[in-house]
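Participant: To be precise about what I am sending: the file is called upload-v1.cif and holds mmCIF, C-alpha atoms.
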data_query
loop_
_atom_site.label_atom_id
_atom_site.label_comp_id
_atom_site.auth_asym_id
_atom_site.auth_seq_id
_atom_site.Cartn_x
_atom_site.Cartn_y
_atom_site.Cartn_z
CA MET A 1011 -18.44 16.76 -1.36
CA ALA A 1012 -16.37 13.76 -2.43
CA SER A 1013 -12.88 13.32 -1.02
CA PRO A 1014 -9.93 13.41 -3.47
CA GLY A 1015 -9.69 9.62 -3.22
CA GLU A 1016 -13.40 9.12 -3.97
CA GLU A 1017 -13.23 11.60 -6.83
CA TRP A 1018 -10.66 9.43 -8.57
CA SER A 1019 -12.28 6.09 -7.67
CA ALA A 1020 -14.51 4.10 -10.00
CA ASP A 1021 -16.96 1.32 -9.21
CA ALA A 1022 -15.38 -1.70 -10.90
CA ASN A 1023 -18.74 -3.44 -11.43
CA GLU A 1024 -20.10 -0.43 -13.30
CA ALA A 1025 -16.91 0.35 -15.20
CA LEU A 1026 -16.54 -3.18 -16.58
CA GLU A 1027 -18.81 -4.08 -19.49
CA ILE A 1028 -18.89 -7.58 -20.97
CA SER A 1029 -20.27 -8.40 -24.41
CA LEU A 1030 -20.55 -11.21 -26.96
CA ILE A 1031 -19.66 -10.25 -30.53
CA ALA A 1032 -20.60 -11.90 -33.83
CA PRO A 1033 -20.16 -10.92 -37.50
CA GLY A 1034 -22.71 -8.44 -38.75
CA ASP A 1035 -23.71 -6.65 -41.93
CA GLY A 1036 -20.44 -4.97 -42.84
CA GLU A 1037 -19.10 -4.85 -39.27
CA PRO A 1038 -19.26 -6.93 -36.08
CA LYS A 1039 -22.45 -6.72 -34.06
CA GLU A 1040 -22.99 -6.88 -30.33
CA LEU A 1041 -25.33 -9.76 -29.44
CA VAL A 1042 -25.62 -9.17 -25.70
CA LYS A 1043 -24.07 -6.84 -23.13
CA PHE A 1044 -23.92 -7.14 -19.36
CA HIS A 1045 -22.00 -6.16 -16.23
CA PRO A 1046 -20.31 -8.48 -13.73
CA LYS A 1047 -22.09 -9.43 -10.53
CA PHE A 1048 -18.90 -8.84 -8.57
CA THR A 1049 -15.25 -8.03 -9.26
CA TYR A 1050 -13.57 -8.48 -5.87
CA PRO A 1051 -11.42 -11.45 -7.07
CA ILE A 1052 -9.61 -9.02 -9.37
CA PHE A 1053 -10.01 -5.53 -7.89
CA GLY A 1054 -10.25 -6.27 -4.18
CA GLU A 1055 -12.95 -6.42 -1.55
CA ASN A 1056 -14.17 -2.85 -2.10
CA GLU A 1057 -14.54 -3.45 -5.86
CA THR A 1058 -13.17 -0.01 -6.68
CA ILE A 1059 -10.44 1.15 -9.05
CA TYR A 1060 -8.36 4.17 -8.09
CA GLY A 1061 -6.87 6.73 -10.42
CA TYR A 1062 -9.40 7.45 -13.16
CA LYS A 1063 -12.34 9.60 -14.19
CA GLY A 1064 -14.68 8.29 -16.85
CA LEU A 1065 -13.11 4.81 -16.69
CA LYS A 1066 -14.52 2.26 -19.15
CA ILE A 1067 -13.36 -1.35 -19.30
CA SER A 1068 -14.64 -3.25 -22.32
CA LEU A 1069 -14.22 -7.02 -22.27
CA ARG A 1070 -15.52 -8.36 -25.57
CA PHE A 1071 -15.75 -12.03 -26.43
CA ALA A 1072 -16.16 -13.78 -29.77
CA ALA A 1073 -19.58 -15.41 -29.44
CA HIS A 1074 -18.47 -18.84 -30.69
CA ASP A 1075 -15.14 -19.53 -28.94
CA LEU A 1076 -14.99 -16.70 -26.39
CA THR A 1077 -11.71 -15.25 -27.67
CA PRO A 1078 -11.37 -12.15 -25.45
CA CYS A 1079 -10.43 -8.60 -26.32
CA LEU A 1080 -9.72 -6.14 -23.50
CA ASP A 1081 -9.92 -2.41 -24.06
CA VAL A 1082 -9.47 0.16 -21.28
CA THR A 1083 -10.20 3.86 -21.78
CA TRP A 1084 -10.67 6.89 -19.51
CA ASP A 1085 -11.30 10.62 -19.62
CA ASN A 1086 -8.66 11.58 -17.03
CA LYS A 1087 -5.93 9.72 -15.14
CA VAL A 1088 -4.50 10.88 -11.81
CA LYS A 1089 -0.87 11.99 -11.74
CA SER A 1090 1.47 9.79 -9.75
CA VAL A 1091 2.65 11.23 -6.43
CA GLY A 1092 5.43 9.18 -4.89
CA ASP A 1093 4.19 5.63 -4.47
CA VAL A 1094 0.57 6.65 -5.05
CA GLU A 1095 -0.48 6.05 -8.63
CA ALA A 1096 -3.42 4.87 -10.69
CA GLU A 1097 -4.09 1.14 -10.60
CA ASP A 1098 -2.93 -0.78 -13.66
CA VAL A 1099 -6.24 -2.22 -14.82
CA LYS A 1100 -4.82 -4.30 -17.66
CA GLU A 1101 -2.14 -5.78 -15.43
CA LYS A 1102 -4.70 -6.85 -12.83
CA MET A 1103 -7.01 -8.41 -15.39
CA LYS A 1104 -4.19 -10.09 -17.29
CA GLU A 1105 -3.74 -12.63 -14.49
CA SER A 1106 -7.20 -14.07 -15.19
CA LEU A 1107 -7.12 -13.90 -18.98
CA PRO A 1108 -5.52 -16.46 -21.31
CA GLU A 1109 -2.11 -15.94 -22.84
CA GLY A 1110 -2.39 -14.12 -26.14
CA TYR A 1111 -5.67 -12.35 -25.33
CA MET A 1112 -6.33 -9.47 -27.72
CA THR A 1113 -6.07 -5.76 -26.97
CA ASP A 1114 -6.21 -4.35 -30.51
CA THR A 1115 -9.92 -3.71 -31.10
CA ALA A 1116 -9.46 -3.23 -34.86
CA GLN A 1117 -7.74 -6.60 -35.20
CA PHE A 1118 -10.40 -8.21 -33.03
CA ASP A 1119 -13.20 -6.78 -35.20
CA GLN A 1120 -11.41 -7.98 -38.32
CA ARG A 1121 -11.01 -11.46 -36.86
CA ILE A 1122 -14.70 -11.60 -36.01
CA GLN A 1123 -15.86 -10.34 -39.39
CA ASN A 1124 -13.55 -12.56 -41.44
CA PHE A 1125 -14.02 -15.79 -39.51
CA ASP A 1126 -15.73 -18.64 -41.40
CA TYR A 1127 -18.50 -19.43 -38.95
CA GLN A 1128 -19.92 -22.13 -41.17
CA SER A 1129 -16.81 -24.20 -40.45
CA PHE A 1130 -17.12 -23.96 -36.65
CA THR A 1131 -18.67 -26.63 -34.47
CA PRO A 1132 -18.22 -26.84 -30.69
CA PRO A 1133 -15.55 -29.27 -29.47
CA GLY A 1134 -16.42 -32.81 -28.47
CA GLN A 1135 -19.67 -34.65 -29.02
CA LEU A 1136 -23.22 -33.34 -29.37
CA PHE A 1137 -25.42 -35.32 -26.98
CA ASP A 1138 -28.64 -33.33 -26.72
CA THR A 1139 -30.70 -30.55 -28.30
CA TYR A 1140 -33.68 -28.58 -26.99
CA SER A 1141 -35.83 -25.67 -28.14
CA LEU A 1142 -36.84 -22.68 -26.03
CA ASP A 1143 -38.78 -19.62 -27.15
CA GLY A 1144 -38.37 -20.60 -30.77
CA LYS A 1145 -34.59 -20.96 -30.57
CA VAL A 1146 -32.47 -24.11 -30.77
CA TYR A 1147 -29.86 -24.97 -28.13
CA GLU A 1148 -27.28 -27.75 -28.21
CA VAL A 1149 -25.38 -29.42 -25.37
CA TRP A 1150 -21.86 -30.60 -26.20
CA GLN A 1151 -19.45 -32.60 -24.07
CA ALA A 1152 -15.66 -32.56 -24.46
CA ASN A 1153 -12.74 -33.80 -22.42
CA LEU A 1154 -10.06 -31.37 -21.33
CA MET A 1155 -7.55 -33.33 -23.38
CA ASN A 1156 -9.29 -31.84 -26.41
CA GLU A 1157 -7.21 -28.83 -27.52
CA ALA A 1158 -10.19 -26.78 -28.71
CA CYS A 1159 -11.98 -27.47 -25.41
CA ARG A 1160 -8.96 -26.27 -23.41
CA GLU A 1161 -8.75 -23.13 -25.53
CA ILE A 1162 -12.41 -22.18 -25.11
CA LEU A 1163 -12.37 -22.92 -21.37
CA SER A 1164 -9.21 -20.86 -20.95
CA ASN A 1165 -10.80 -17.98 -22.87
CA MET A 1166 -13.92 -17.78 -20.74
CA GLN A 1167 -12.74 -18.77 -17.25
CA ILE A 1168 -12.55 -15.17 -16.09
CA LEU A 1169 -16.36 -15.15 -16.22
CA VAL A 1170 -16.67 -17.52 -13.26
CA LEU A 1171 -14.82 -14.96 -11.13
CA PHE A 1172 -17.50 -12.42 -12.02
CA PHE A 1173 -20.56 -14.61 -11.43
CA ILE A 1174 -19.79 -17.57 -9.14
CA GLU A 1175 -19.07 -16.70 -5.51
CA GLY A 1176 -15.82 -18.16 -4.22
CA SER A 1177 -14.84 -19.66 -7.56
CA SER A 1178 -11.32 -20.30 -8.79
CA LEU A 1179 -9.75 -20.87 -12.18
CA LEU A 1180 -9.14 -24.37 -13.47
CA ASP A 1181 -5.58 -25.24 -14.52
CA VAL A 1182 -6.09 -26.23 -18.16
CA ASN A 1183 -2.39 -27.12 -18.48
CA ASP A 1184 -2.32 -29.60 -15.62
CA GLU A 1185 -0.79 -33.07 -15.88
CA VAL A 1186 -2.30 -35.43 -18.43
CA TRP A 1187 -3.80 -37.76 -15.82
CA ALA A 1188 -5.65 -34.81 -14.23
CA ASN A 1189 -6.91 -33.32 -17.50
CA ARG A 1190 -8.25 -36.71 -18.57
CA ARG A 1191 -10.61 -36.55 -15.60
CA TRP A 1192 -12.08 -33.16 -16.47
CA ASP A 1193 -15.10 -32.97 -18.80
CA VAL A 1194 -16.58 -29.70 -20.02
CA TYR A 1195 -20.22 -29.36 -21.06
CA PHE A 1196 -21.00 -26.47 -23.38
CA LEU A 1197 -24.46 -25.01 -23.95
CA TYR A 1198 -24.73 -23.25 -27.32
CA GLU A 1199 -27.48 -21.43 -29.13
CA LYS A 1200 -27.49 -22.48 -32.78
CA THR A 1201 -29.02 -20.18 -35.39
CA PRO A 1202 -30.67 -21.37 -38.64
CA GLU A 1203 -27.45 -20.24 -40.37
CA SER A 1204 -25.51 -22.71 -38.15
CA ARG A 1205 -23.81 -19.97 -36.16
CA TYR A 1206 -23.05 -20.81 -32.55
CA THR A 1207 -23.26 -18.53 -29.50
CA LEU A 1208 -22.09 -19.80 -26.13
CA THR A 1209 -24.90 -19.60 -23.57
CA GLY A 1210 -23.43 -21.46 -20.61
CA TYR A 1211 -21.10 -24.21 -19.53
CA SER A 1212 -20.28 -26.63 -16.75
CA THR A 1213 -17.15 -28.49 -15.70
CA VAL A 1214 -17.23 -31.98 -14.17
CA TYR A 1215 -14.37 -33.81 -12.48
CA ARG A 1216 -14.33 -37.59 -12.19
CA TYR A 1217 -13.04 -38.62 -8.76
CA TRP A 1218 -12.12 -42.15 -7.84
CA HIS A 1219 -15.10 -43.91 -6.29
CA LEU A 1220 -14.07 -46.44 -3.68
CA PRO A 1221 -15.87 -49.74 -4.42
CA SER A 1222 -17.90 -51.15 -1.54
CA SER A 1223 -16.00 -54.43 -1.87
CA ILE A 1224 -12.83 -52.84 -0.49
CA VAL A 1225 -14.29 -50.20 1.81
CA SER A 1226 -12.83 -50.53 5.27
CA LYS A 1227 -15.26 -50.49 8.17
CA ASP A 1228 -12.73 -48.37 10.02
CA LYS A 1229 -12.66 -45.04 8.16
CA ASP A 1230 -9.24 -44.28 9.65
CA THR A 1231 -7.71 -47.42 8.15
CA PRO A 1232 -6.40 -46.73 4.65
CA PHE A 1233 -6.79 -49.32 1.94
CA SER A 1234 -3.74 -50.34 -0.03
CA LEU A 1235 -2.79 -49.59 -3.60
CA GLU A 1236 -2.53 -53.36 -4.12
CA GLN A 1237 -6.24 -53.69 -3.33
CA ILE A 1238 -7.11 -51.10 -6.00
CA GLN A 1239 -4.82 -52.65 -8.58
CA SER A 1240 -6.15 -56.14 -7.95
CA ASN A 1241 -9.71 -54.92 -8.50
CA TYR A 1242 -8.89 -52.50 -11.34
CA PRO A 1243 -5.62 -53.34 -13.08
CA ASP A 1244 -6.31 -50.76 -15.81
CA THR A 1245 -5.77 -47.51 -13.91
CA GLN A 1246 -6.70 -45.16 -16.74
CA PRO A 1247 -9.40 -42.82 -15.32
CA ASP A 1248 -11.71 -43.57 -18.23
CA SER A 1249 -11.90 -47.17 -17.03
CA LEU A 1250 -12.42 -46.57 -13.32
CA PRO A 1251 -15.68 -46.22 -11.41
CA CYS A 1252 -16.01 -42.60 -10.41
CA ARG A 1253 -17.88 -39.92 -8.57
CA ALA A 1254 -18.78 -37.16 -11.05
CA ARG A 1255 -18.50 -33.83 -9.26
CA ILE A 1256 -19.97 -30.72 -10.87
CA SER A 1257 -17.36 -28.06 -10.22
CA GLN A 1258 -18.52 -25.00 -12.16
CA PHE A 1259 -21.98 -24.30 -13.59
CA LEU A 1260 -22.72 -21.01 -15.31
CA ILE A 1261 -25.48 -19.63 -17.50
CA LEU A 1262 -24.49 -16.23 -18.87
CA PRO A 1263 -26.64 -13.42 -17.38
CA PRO A 1264 -28.56 -12.50 -20.58
CA TYR A 1265 -29.83 -16.09 -20.73
CA GLN A 1266 -30.73 -16.47 -17.06
CA GLY A 1267 -34.33 -16.53 -15.88
CA LEU A 1268 -35.52 -18.15 -19.11
CA GLY A 1269 -35.34 -21.79 -18.07
CA HIS A 1270 -31.87 -22.63 -19.36
CA GLY A 1271 -30.42 -23.40 -15.93
CA GLY A 1272 -32.95 -26.15 -15.25
CA LEU A 1273 -32.86 -27.59 -18.77
CA PHE A 1274 -29.06 -27.60 -18.91
CA TYR A 1275 -28.87 -29.23 -15.48
CA ASP A 1276 -31.40 -31.89 -16.51
CA ASN A 1277 -29.42 -32.67 -19.65
CA LEU A 1278 -26.16 -32.83 -17.74
CA ILE A 1279 -27.56 -35.16 -15.07
CA SER A 1280 -29.29 -37.33 -17.68
CA HIS A 1281 -25.99 -37.78 -19.48
CA LEU A 1282 -24.09 -38.63 -16.29
CA LEU A 1283 -26.79 -41.13 -15.30
CA SER A 1284 -26.29 -42.91 -18.62
CA LEU A 1285 -22.58 -43.54 -17.94
CA PRO A 1286 -22.12 -46.94 -16.22
CA LEU A 1287 -18.84 -45.94 -14.58
CA VAL A 1288 -20.41 -42.94 -12.85
CA LYS A 1289 -21.55 -44.26 -9.49
CA GLU A 1290 -22.46 -40.98 -7.80
CA ILE A 1291 -23.12 -37.37 -8.82
CA THR A 1292 -22.16 -34.55 -6.47
CA VAL A 1293 -21.76 -30.77 -6.60
CA GLU A 1294 -18.88 -28.74 -5.23
CA ASP A 1295 -19.71 -25.80 -2.95
CA PRO A 1296 -23.10 -24.98 -4.48
CA SER A 1297 -24.54 -21.49 -4.07
CA ASP A 1298 -27.93 -21.13 -2.40
CA ALA A 1299 -29.60 -20.48 -5.76
CA PHE A 1300 -27.99 -23.54 -7.29
CA GLU A 1301 -28.98 -25.65 -4.27
CA ASP A 1302 -32.60 -24.73 -4.92
CA LEU A 1303 -32.33 -25.53 -8.61
CA ARG A 1304 -30.55 -28.80 -7.94
CA ARG A 1305 -32.94 -30.03 -5.26
CA LEU A 1306 -36.10 -29.17 -7.15
CA ARG A 1307 -34.84 -30.58 -10.46
CA ASP A 1308 -33.71 -33.77 -8.72
CA LEU A 1309 -37.06 -33.95 -6.93
CA ASN A 1310 -38.85 -33.59 -10.26
CA ARG A 1311 -36.73 -36.34 -11.82
CA LEU A 1312 -37.23 -38.75 -8.91
CA GLN A 1313 -40.98 -38.20 -9.05
CA LYS A 1314 -41.13 -38.87 -12.77
CA ASP A 1315 -38.89 -41.95 -12.83
CA GLY A 1316 -40.88 -43.73 -10.13
CA THR A 1317 -38.25 -43.55 -7.39
CA PHE A 1318 -40.80 -42.23 -4.89
CA THR A 1319 -43.40 -44.90 -5.64
CA GLY A 1320 -44.50 -46.38 -2.33
CA LEU A 1321 -42.65 -43.75 -0.28
CA SER A 1322 -44.25 -42.82 3.04
CA LEU A 1323 -43.15 -42.22 6.60
CA GLN A 1324 -44.50 -45.63 7.55
CA ALA A 1325 -42.72 -47.36 4.66
CA LEU A 1326 -39.37 -46.05 5.91
CA LYS A 1327 -39.80 -48.01 9.16
CA ALA A 1328 -38.99 -51.71 9.29
CA PRO A 1329 -42.00 -53.86 10.29
CA ALA A 1330 -41.91 -55.71 13.59
CA ASN A 1331 -41.09 -59.05 11.95
CA SER A 1332 -38.32 -57.72 9.69
CA SER A 1333 -35.18 -55.61 9.74
CA THR A 1334 -35.81 -54.29 6.23
CA PRO A 1335 -38.08 -51.26 5.59
CA ALA A 1336 -40.89 -51.70 3.07
CA TRP A 1337 -39.40 -48.91 0.93
CA PRO A 1338 -35.91 -49.99 -0.26
CA TYR A 1339 -34.08 -46.76 0.63
CA ASP A 1340 -30.52 -47.88 -0.12
CA ALA A 1341 -31.38 -49.44 -3.48
CA LYS A 1342 -33.34 -46.35 -4.50
CA ARG A 1343 -30.45 -44.06 -3.58
CA SER A 1344 -27.95 -46.20 -5.45
CA ASN A 1345 -30.10 -46.14 -8.60
CA SER A 1346 -30.53 -42.36 -8.34
CA LYS A 1347 -26.72 -41.87 -8.19
CA LEU A 1348 -27.29 -39.01 -5.75
CA ALA A 1349 -24.96 -38.46 -2.79
CA PRO A 1350 -26.45 -39.60 0.54
CA LYS A 1351 -27.20 -36.10 1.81
CA GLN A 1352 -28.79 -34.92 -1.43
CA PHE A 1353 -30.95 -38.03 -1.72
CA ALA A 1354 -32.03 -37.77 1.93
CA GLN A 1355 -33.05 -34.14 1.46
CA CYS A 1356 -35.04 -34.98 -1.68
CA VAL A 1357 -36.84 -37.76 0.22
CA GLU A 1358 -37.53 -35.40 3.13
CA LEU A 1359 -38.81 -32.69 0.80
CA GLU A 1360 -41.14 -35.13 -0.94
CA LEU A 1361 -42.49 -36.31 2.43
CA TYR A 1362 -42.82 -32.73 3.67
CA ARG A 1363 -44.66 -31.73 0.51
CA LYS A 1364 -47.38 -34.26 1.33
CA LEU A 1365 -47.23 -33.91 5.11
CA ASN A 1366 -50.38 -33.05 7.04
CA LYS A 1367 -49.10 -31.02 9.96
CA ASN A 1368 -52.43 -31.43 11.72
CA ASP A 1369 -51.59 -35.11 12.05
CA GLN A 1370 -49.43 -34.75 15.15
CA LYS A 1371 -48.17 -38.33 15.02
CA ALA A 1372 -47.01 -38.02 11.40
CA TYR A 1373 -45.53 -34.57 12.03
CA LYS A 1374 -43.52 -35.88 14.98
CA GLN A 1375 -42.37 -38.87 12.93
CA PHE A 1376 -41.15 -36.51 10.20
CA ARG A 1377 -39.28 -34.32 12.69
CA LEU A 1378 -37.55 -37.35 14.18
CA LEU A 1379 -36.58 -38.56 10.70
CA VAL A 1380 -34.94 -35.25 9.82
CA LYS A 1381 -33.27 -34.86 13.22
CA ALA A 1382 -31.84 -38.37 12.97
CA ARG A 1383 -30.25 -37.45 9.63
CA ILE A 1384 -28.91 -34.15 11.01
CA TYR A 1385 -27.47 -35.93 14.06
CA LYS A 1386 -25.79 -38.62 11.95
CA GLN A 1387 -24.37 -35.98 9.63
CA ASN A 1388 -22.95 -33.99 12.56
CA ARG A 1389 -22.12 -36.78 14.99
CA ASP A 1390 -18.63 -35.47 15.82
CA VAL A 1391 -19.93 -31.98 16.58
CA MET A 1392 -22.86 -33.28 18.62
CA ALA A 1393 -20.55 -35.46 20.69
CA GLN A 1394 -18.87 -32.30 22.02
CA LEU A 1395 -22.16 -30.92 23.40
CA ASP A 1396 -23.96 -31.90 26.57
CA ARG A 1397 -27.44 -33.40 26.31
CA LEU A 1398 -29.46 -30.17 26.63
CA GLU A 1399 -27.21 -28.26 24.22
CA ARG A 1400 -27.50 -31.15 21.78
CA ILE A 1401 -31.30 -31.06 21.92
CA ASP A 1402 -31.34 -27.28 21.44
CA LYS A 1403 -28.93 -27.45 18.50
CA LEU A 1404 -30.90 -30.23 16.81
CA THR A 1405 -34.14 -28.30 17.23
CA GLU A 1406 -32.60 -25.09 15.92
CA THR A 1407 -31.12 -26.82 12.88
CA TYR A 1408 -34.36 -28.70 12.21
CA LEU A 1409 -36.32 -25.43 12.16
CA HIS A 1410 -33.92 -24.02 9.56
CA VAL A 1411 -34.43 -27.16 7.45
CA GLU A 1412 -38.22 -26.92 7.71
CA ASP A 1413 -38.10 -23.25 6.71
CA ASP A 1414 -36.05 -24.22 3.65
CA TYR A 1415 -38.51 -26.97 2.72
CA SER A 1416 -41.49 -24.63 3.17
CA ARG A 1417 -39.88 -22.07 0.86
CA GLN A 1418 -39.04 -24.72 -1.74
CA VAL A 1419 -42.55 -26.18 -1.65
CA VAL A 1420 -43.89 -22.68 -2.38
CA LYS A 1421 -41.53 -22.45 -5.35
CA TRP A 1422 -42.71 -25.85 -6.51
CA GLU A 1423 -46.37 -24.93 -6.29
CA MET A 1424 -45.76 -21.62 -8.11
CA GLY A 1425 -44.47 -23.31 -11.21
CA GLY A 1426 -42.27 -26.27 -10.60
CA PRO A 1427 -38.49 -26.52 -10.41
CA ALA A 1428 -36.59 -23.28 -10.15
CA ASP A 1429 -34.20 -21.90 -12.73
CA SER A 1430 -30.89 -20.39 -11.76
CA GLY A 1431 -27.99 -18.93 -13.65
CA ASN A 1432 -24.93 -19.99 -11.76
CA GLY A 1433 -23.91 -22.39 -9.18
CA SER A 1434 -21.00 -24.28 -7.87
CA GLY A 1435 -17.76 -22.85 -6.74
CA GLY A 1436 -14.33 -23.79 -8.05
CA ASP A 1437 -12.05 -26.58 -8.84
CA ARG A 1438 -10.19 -29.16 -6.81
CA ASP A 1439 -6.71 -30.48 -7.40
CA GLY A 1440 -7.71 -34.10 -6.91
CA ASP A 1441 -6.15 -34.56 -3.48
CA GLU A 1442 -9.50 -35.80 -2.15
CA GLU A 1443 -9.60 -38.55 -4.72
CA MET A 1444 -9.34 -41.43 -2.29
CA ARG A 1445 -11.73 -39.95 0.26
CA ASP A 1446 -15.22 -41.37 0.12
CA ALA A 1447 -16.82 -38.02 0.95
CA GLU A 1448 -20.56 -37.51 0.90
CA ASP A 1449 -20.83 -34.29 -1.06
CA GLY A 1450 -18.81 -31.61 -2.75
CA HIS A 1451 -18.81 -28.99 -0.05
CA GLY A 1452 -15.65 -27.25 1.05
CA GLY A 1453 -14.27 -27.06 4.54
CA ARG A 1454 -16.61 -26.02 7.34
CA PRO A 1455 -15.96 -24.72 10.85
CA LYS A 1456 -15.68 -27.72 13.15
CA LYS A 1457 -18.61 -26.79 15.36
CA ARG A 1458 -21.01 -25.73 12.69
CA VAL A 1459 -24.03 -27.99 12.36
CA LYS A 1460 -24.90 -28.79 8.77
CA LYS A 1461 -28.49 -28.82 7.61
#
I'd like the structure from this file rewritten - as structure tokens, please.

Facilitator:
Amino acid sequence: MASPGEEWSADANEALEISLIAPGDGEPKELVKFHPKFTYPIFGENETIYGYKGLKISLRFAAHDLTPCLDVTWDNKVKSVGDVEAEDVKEKMKESLPEGYMTDTAQFDQRIQNFDYQSFTPPGQLFDTYSLDGKVYEVWQANLMNEACREILSNMQILVLFFIEGSSLLDVNDEVWANRRWDVYFLYEKTPESRYTLTGYSTVYRYWHLPSSIVSKDKDTPFSLEQIQSNYPDTQPDSLPCRARISQFLILPPYQGLGHGGLFYDNLISHLLSLPLVKEITVEDPSDAFEDLRRLRDLNRLQKDGTFTGLSLQALKAPANSSTPAWPYDAKRSNSKLAPKQFAQCVELELYRKLNKNDQKAYKQFRLLVKARIYKQNRDVMAQLDRLERIDKLTETYLHVEDDYSRQVVKWEMGGPADSGNGSGGDRDGDEEMRDAEDGHGGRPKKRVKK
């Protein structure tokens, strides 16, 4: 028998229903409907809502610009006793919804039905189109200075809280210099009648990329503003070399598992590679699923563009009469625009994919290659361990890496690069702009060894 508290508690993930709405024959029609993956950012760790029976939370979005309409209904509501009362669902959700979100369902339906969809095009510039399962999809890019872009992003940001672990909302009303550095990539389905339905999106922040000409050999020695200004007198972010960091990446659940994640990622990376000022592409706090997608799609790209031509364990070693390896690692990484860790892992995965473990010499050479990278990546942590602990920790971490590579090779052989719906985790305020960090991961415990 349920306790009184349980009797009046609702599972927030089940109670909340999300849908995309478009004009229909005489009345609006529901295109897709789905539930959130999690709701703890809004309703707490237990993801429960107290005070209702038969609670239904309907969060409907206009399919083209994601204008939201929130409607909350219930069969019964608990009576307040002292300080104990039903949770205010609308008040809790309001914090993550844009100003002016709709609550009148009749007005929302009227807005949907009367809107001139023929006049709507996504904000920014169209830079690619692809077809999948007989449908056409377009990829658009807009800067956050674009008013329509800010409006759409503000409308839909609550979705990242439901589907991207550890995500946070982006401040669309930040200072001009910060907004100029944010680009938003929209993935839309386009019907033969030229009606658009948002399928996914990604946000990318352009961090300052410290030129090698003024990098200090001592990482603790800061470089001066005068050095930057003398190299780049025009300090507008559009004119500066940058590291493009993917902050949020989301394919809406009804469109996941169809191949959109991989295709959208490929289009996004292809576009960033074409920009001369983008010197490096990183990802912020990627989820495990997005890490798989990213690594396998990057691996696929590097195979196709010839980056791995001539790659072998032997070619990574400098010959006896030279200090330069036969395979130009640094030049290849620079051309790929991948962060050092990501490029190293793609190289390792390609070598592992072709590795003959029965060749003990080659297998040992591969293990030493990976361990050297792990040690270099975790030098400060390793320095705190004695020799035997260091060996054990390196071996343990290497085994985790090899397990990951084995699993990814299986995915590769079962059908190529993986597809995933969502990925990286939140936004940054830009305070790391001058730090020449390797990748977009958040803070880690000091003694944790990274793979």

Participant: Care to translate the PyMOL selection byres ((chain A and resi 1127) around 9) into actual residues of this file, as a list in words?

Facilitator: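 Against this file, the PyMOL selection byres ((chain A and resi 1127) around 9) returns the residues Pro1033, His1074, Asn1124, Phe1125, Asp1126, Gln1128, Ser1129, Phe1130, Thr1131, Ser1204, Arg1205 and Tyr1206 of chain A.
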
Participant: Keeping C-alpha atoms for every residue in the selection just given, could you write it to a file as a short mmCIF file (atom, residue, chain, number, x, y, z; two decimals), in the coordinates of the input?

Facilitator:
data_model
loop_
_atom_site.label_atom_id
_atom_site.label_comp_id
_atom_site.auth_asym_id
_atom_site.auth_seq_id
_atom_site.Cartn_x
_atom_site.Cartn_y
_atom_site.Cartn_z
CA PRO A 1033 -20.16 -10.92 -37.50
CA HIS A 1074 -18.47 -18.84 -30.69
CA ASN A 1124 -13.55 -12.56 -41.44
CA PHE A 1125 -14.02 -15.79 -39.51
CA ASP A 1126 -15.73 -18.64 -41.40
CA GLN A 1128 -19.92 -22.13 -41.17
CA SER A 1129 -16.81 -24.20 -40.45
CA PHE A 1130 -17.12 -23.96 -36.65
CA THR A 1131 -18.67 -26.63 -34.47
CA SER A 1204 -25.51 -22.71 -38.15
CA ARG A 1205 -23.81 -19.97 -36.16
CA TYR A 1206 -23.05 -20.81 -32.55
#

Participant: For the structure provided, state which residues fall under the PyMOL selection byres ((chain A and resi 1106) around 10), and present them as a list of chain:residue names.

Facilitator: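 Given this file, the PyMOL selection byres ((chain A and resi 1106) around 10) evaluates to A:Pro1051, A:Ile1052, A:Glu1101, A:Lys1102, A:Met1103, A:Lys1104, A:Glu1105, A:Leu1107, A:Pro1108, A:Glu1109, A:Ser1164, A:Asn1165, A:Met1166, A:Gln1167, A:Ile1168, A:Leu1169, A:Leu1171, A:Ser1178, A:Leu1179.
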
Participant: Take the residues from that selection and write them out as a short mmCIF file (atom, residue, chain, number, x, y, z; two decimals), keeping the file's coordinate frame, keeping C-alpha atoms.

Facilitator:
data_model
loop_
_atom_site.label_atom_id
_atom_site.label_comp_id
_atom_site.auth_asym_id
_atom_site.auth_seq_id
_atom_site.Cartn_x
_atom_site.Cartn_y
_atom_site.Cartn_z
CA PRO A 1051 -11.42 -11.45 -7.07
CA ILE A 1052 -9.61 -9.02 -9.37
CA GLU A 1101 -2.14 -5.78 -15.43
CA LYS A 1102 -4.70 -6.85 -12.83
CA MET A 1103 -7.01 -8.41 -15.39
CA LYS A 1104 -4.19 -10.09 -17.29
CA GLU A 1105 -3.74 -12.63 -14.49
CA LEU A 1107 -7.12 -13.90 -18.98
CA PRO A 1108 -5.52 -16.46 -21.31
CA GLU A 1109 -2.11 -15.94 -22.84
CA SER A 1164 -9.21 -20.86 -20.95
CA ASN A 1165 -10.80 -17.98 -22.87
CA MET A 1166 -13.92 -17.78 -20.74
CA GLN A 1167 -12.74 -18.77 -17.25
CA ILE A 1168 -12.55 -15.17 -16.09
CA LEU A 1169 -16.36 -15.15 -16.22
CA LEU A 1171 -14.82 -14.96 -11.13
CA SER A 1178 -11.32 -20.30 -8.79
CA LEU A 1179 -9.75 -20.87 -12.18
#

Participant: List, as a list in words, every residue that the PyMOL selection byres ((chain A and resi 1360) around 10) selects in the file provided.

Facilitator: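 Given this file, the PyMOL selection byres ((chain A and resi 1360) around 10) evaluates to Leu1306, Leu1309, Asn1310, Leu1312, Gln1313, Phe1318, Leu1321, Ser1322, Ala1354, Gln1355, Cys1356, Val1357, Glu1358, Leu1359, Leu1361, Tyr1362, Arg1363, Lys1364, Leu1365, Tyr1415 and Val1419 of chain A.
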